[in-house]
Amino acid sequence: MAPGRALRGTGVKSPVGYAADARLRWTEGLPWLAAVAAFFLLPDHLSFGARVLTYILFALSLDLILGYAGILTLGHSAFFGVGAYAAGILAAKLGLTDPVLLLAVAAGAAGVLGIATGAVILRTRGLAQLMLTLAIAAVCFEIANKATPLTGGADGLSGVRITPIFGLFRFDLFGRTAYLWCLLLLFGVWWLVRRLICSPFGATLTGIRENPDRMHAIGAPVYRRLVMVYTLSAMIAGVAGALLTQTNQFVGLNVLGFEPSGELMVMLILGGVGRLYGAFVGPLIYLTAQDVLAKQFPEYWYLGIGLMLVLVVLFARGGLLGIADGLVARVRRRAWA
Amino acid sequence: MGVTLETRGLCKSFGALTVADHIDFRLEAGVRHALIGPNGAGKTTFVNMLTGRIAPSSGQVLLGGEDVTRLSQAARVRRGLGRTFQINTLFRGMSVLDNVALGVAEHRGVAGRPWWPASAYADVRREAMALLATFGLEEDAQPRVVDLPYGKQRLVEIAVALGLEPKVLLLDEPASGVPSLESERILLALERLPRDIAILIIEHDMDLVFRFAQRITVLVQGEVLCEGTPAEIAADPRVRQVYLGERRG
C-alpha cells in the first residue's frame, strides 16, 4: 500500500484536491482544545507535554514527505539532529542564546542539508531511496560522534543556555514556558502545512505519490517539486530539533541515527500516514505508552510498543485514525440507512 | 500543411536488440495518423522516445520544427505534446475531476502555487468539468477514478491529455482492453477531438484504425515498412504479408 493510501475509502473527506472542501472542520479544533486543556489540567506533566508537542512537529514534517509526497525515508533524524546541534552549538559555544534566532538558524541548517541531500536521493526511488536516507542519517551520526570538541561526542552537548523568549518568557523548571512555546510553534507549522497540502502544490504532491509517471506526462516538474517539499520538511524537522534543545538545554547523540528515524516512522504509522492528524495521535500514544510502560516494566516496555505496532499493521492499515474514520463512516452509513 | 512532429533517423537499441532502426516519420498538423504493426514492432518504444520517456540511441525528434531530443518529458508537454498510455496510468486513488484538474492546473501554470486552496481555483475546476462533459463523464466527476468501468477510465485518460491543450496527441492503444460497445464510444469521442490537434494513434483494432486515420505508417521490427493512406496500406502486399499474415503467390 502506498503511503497515505489508507486515507481513502474511510468516509472521511480529504481536504486535498480541486473538488475538496478545504474549510476547517470543527473536529480539527479538538487537538488544540485538548492541548490547552492539558496545560491547565496536567500541570505536573508539562515537560513531558513539551516533548510530545516537539515530536508531533517532527512527525508532521515526516508526514509531509512520506504521507503526501510518497518519499520513503529512514533518515529523517538527520534534519532533526542537525537542527538540535545547530541550536545547541550556537548557544553553548558561541553564546547566541535567543530562541527565535536559534530556531531560524536550525531551520536554515536543516534546510541546506535537505536541499543538498534531496538533490541526490530524490533522483532514486524505492529501496535505493530508503538506503540513501539511512546512509545520510548514519553519516550525520558519525560526524556528531567524532566532532567531540563541537558536539560533546557520546557525552552530549551540555551548557546550553537559552534567554527568555522575546526577552519576556523565561524557560522555567516546570515546563510551562516550554509547553506553550512548543504549542505556539506547532500551531504555526500545522497551519502552514495544512495550507500547503490543500493548495494546488499539495494536490500535485498527492499526484506524485499516486503516479509519478503520469505527473511527468502532464508536464509537472516532479523532481523540483520533490526537492522543494523535502527541503521544507527538513526545515520543519530542524525546528523540532532546535525546540528539543531549547526545552532540554542539552543535545545527546540519540537525536541522530537510525533509531530516532525508525521511532518516528513507528509513531506516524501508529497515528496514520498521510492524514495530517496521524502525526498528532501517533507521538502522543507512543510517548505516553513509552512513559507508562517504562515505569511499569523497565526491561520489557518495548514489547508493549511492538505489540501495538503489530496490531495496527495487521488490523488497522490506516493507523489509529483509520480505525476512528472507519467507525465514523459506519455510524454515518447507519444513520443514512 | 505544416509538419508538427518529425523524427529523423531515430534509433534505439537495448544491447544487441534493435527496437527502432532509423525511423523517419512526419506527422502533419491536424492530421489523424495511425501507427500499426505486429506485436513487438517497437510502436510503444517509438512513442516513448517521442515523449522523452526513453532516450533514443541516436537520431532526432522535432516538435514544431524545434529539436526536442534532449528535452525532458515535462518540457515537451509544455511545448504541446500530450499522450495517453497503453495501460491506464491515472491517479487511481484520486477523484475523476482531480485527475483532469491536475493536468489543467499544470497547463495553466498554477499547479505549483502553495498558498490558496486548490478548490479556490474555480476556473481550473470548470475547465476540468467541461472536458469531462465532452466525454459524457460529468456525472462521474466525484468518484475515484479506480471505481469507474475500464472503458470510462480510457476516456478519462484522453480527457487528462486534452486538458494540456496539446498540438500533438499520441494515443497509445486507446481502446485496448475495452469491450466492443465501449470501443465504439471511444471512437466517437476520438472523432470529436478538435481538428487542429495532430493525432498519432497506435491501435490493434483495424476497424478503428481504418475508420479514424487519414494516413497510416506500418512499423515492423523497428523499421518503417511503408506509409500511405488507408486505401494504399490496405492494398499493399507487403502489409498483407507481414502484418495480416497473408502468403505471397
# chains A, B, ... in the order shown; residues from 1 in each chain; ligands from 1

$ interface_residues --of "chain B" --to "chain A" --cutoff "7 Å" --atoms "only C-alpha atoms" --output "list in words"
Gln73, Ala74, Ala75, Val77, Arg78, Thr89, Leu90, Phe91, Asp98, Ala101, Leu102, Gly103, Glu106, Val110, Ala111, Gly112, Arg113, Pro114, Trp115, Trp116, Pro117, Ala118, Ser119, Arg125 and Leu164 of chain B

$ residues_around --residues "region 214-229 of chain B" --least-positions-apart "5" --cutoff "9 Å" --atoms "only C-alpha atoms" --output "PyMOL selection string"
chain B and resi 11-12+18-25+31-43+46+209+234+236+238-239+242-243

$ select_by_dssp --residues "region 38-138 of chain B" --states "helix (DSSP H, G or I)" --output "NGL selection string"
:B and (43-51 or 73-78 or 96-108 or 118-120 or 122-134 or 138)

$ atom_distance --atom1 "CA of Pro283 (chain A)" --atom2 "CA of Leu268 (chain A)"
7.2 Å

$ atom_distance --atom1 "CA of Asn248 (chain A)" --atom2 "CA of Pro260 (chain A)"
16.5 Å

$ atom_distance --atom1 "CA of Ile71 (chain A)" --atom2 "CA of Arg123 (chain A)"
11.0 Å

$ residues_around --residues "Ala38 (chain A)" --least-positions-apart "5" --cutoff "12 Å" --atoms "only C-alpha atoms" --output "ChimeraX atom specification"
/A:30-33,43-50,52-53,176,179-180,183

$ write_last_selection --atoms "N, CA and C atoms" --output "compact mmCIF listing (two decimals), in the first residue's frame"
# COMPACT_ATOMS: atom_id res chain seq x y z
N LEU A 30 -10.21 20.08 17.87
CA LEU A 30 -10.09 19.22 19.06
C LEU A 30 -8.65 19.08 19.57
N PRO A 31 -7.66 18.85 18.70
CA PRO A 31 -6.28 18.72 19.24
C PRO A 31 -5.84 19.95 20.01
N TRP A 32 -6.26 21.12 19.52
CA TRP A 32 -5.82 22.36 20.17
C TRP A 32 -6.56 22.57 21.50
N LEU A 33 -7.84 22.21 21.51
CA LEU A 33 -8.59 22.28 22.76
C LEU A 33 -7.97 21.35 23.79
N PRO A 43 -0.69 20.06 35.15
CA PRO A 43 0.46 20.96 35.33
C PRO A 43 1.75 20.25 35.70
N ASP A 44 1.65 19.02 36.22
CA ASP A 44 2.86 18.30 36.61
C ASP A 44 3.52 17.57 35.44
N HIS A 45 2.86 17.59 34.27
CA HIS A 45 3.38 16.83 33.15
C HIS A 45 3.71 17.72 31.95
N LEU A 46 3.97 18.99 32.23
CA LEU A 46 4.15 19.91 31.10
C LEU A 46 5.48 19.69 30.36
N SER A 47 6.51 19.26 31.08
CA SER A 47 7.78 18.98 30.40
C SER A 47 7.60 17.81 29.43
N PHE A 48 6.88 16.79 29.93
CA PHE A 48 6.57 15.65 29.06
C PHE A 48 5.70 16.12 27.88
N GLY A 49 4.75 16.99 28.19
CA GLY A 49 3.87 17.53 27.14
C GLY A 49 4.67 18.28 26.08
N ALA A 50 5.67 19.05 26.51
CA ALA A 50 6.50 19.79 25.54
C ALA A 50 7.24 18.82 24.63
N VAL A 52 6.19 15.81 23.83
CA VAL A 52 5.19 15.25 22.90
C VAL A 52 4.94 16.24 21.75
N LEU A 53 4.77 17.51 22.10
CA LEU A 53 4.50 18.52 21.07
C LEU A 53 5.67 18.63 20.08
N ARG A 176 6.33 25.11 31.91
CA ARG A 176 5.18 25.88 31.44
C ARG A 176 5.53 26.65 30.15
N TYR A 179 6.20 24.33 27.21
CA TYR A 179 4.97 23.75 26.66
C TYR A 179 4.27 24.75 25.74
N LEU A 180 4.09 25.98 26.25
CA LEU A 180 3.37 26.98 25.45
C LEU A 180 4.16 27.38 24.20
N LEU A 183 3.75 24.62 21.77
CA LEU A 183 2.38 24.63 21.26
C LEU A 183 2.19 25.74 20.21

$ residues_around --residues "Leu132 (chain B)" --least-positions-apart "3" --cutoff "10 Å" --atoms "only C-alpha atoms" --output "list in words"
Val96, Leu97, Val100, Arg126, Glu127, Ala128, Met129, Phe135, Gly136, Leu137, Glu138, Glu139, Asp140, Ala141, Leu155, Val156, Ile158, Ala159, Val160 and Gly163 of chain B

$ residues_around --residues "Leu71 (chain B)" --least-positions-apart "5" --cutoff "12 Å" --atoms "only C-alpha atoms" --output "ChimeraX atom specification"
/A:219 /B:49-56,60-63,66,76-79,81
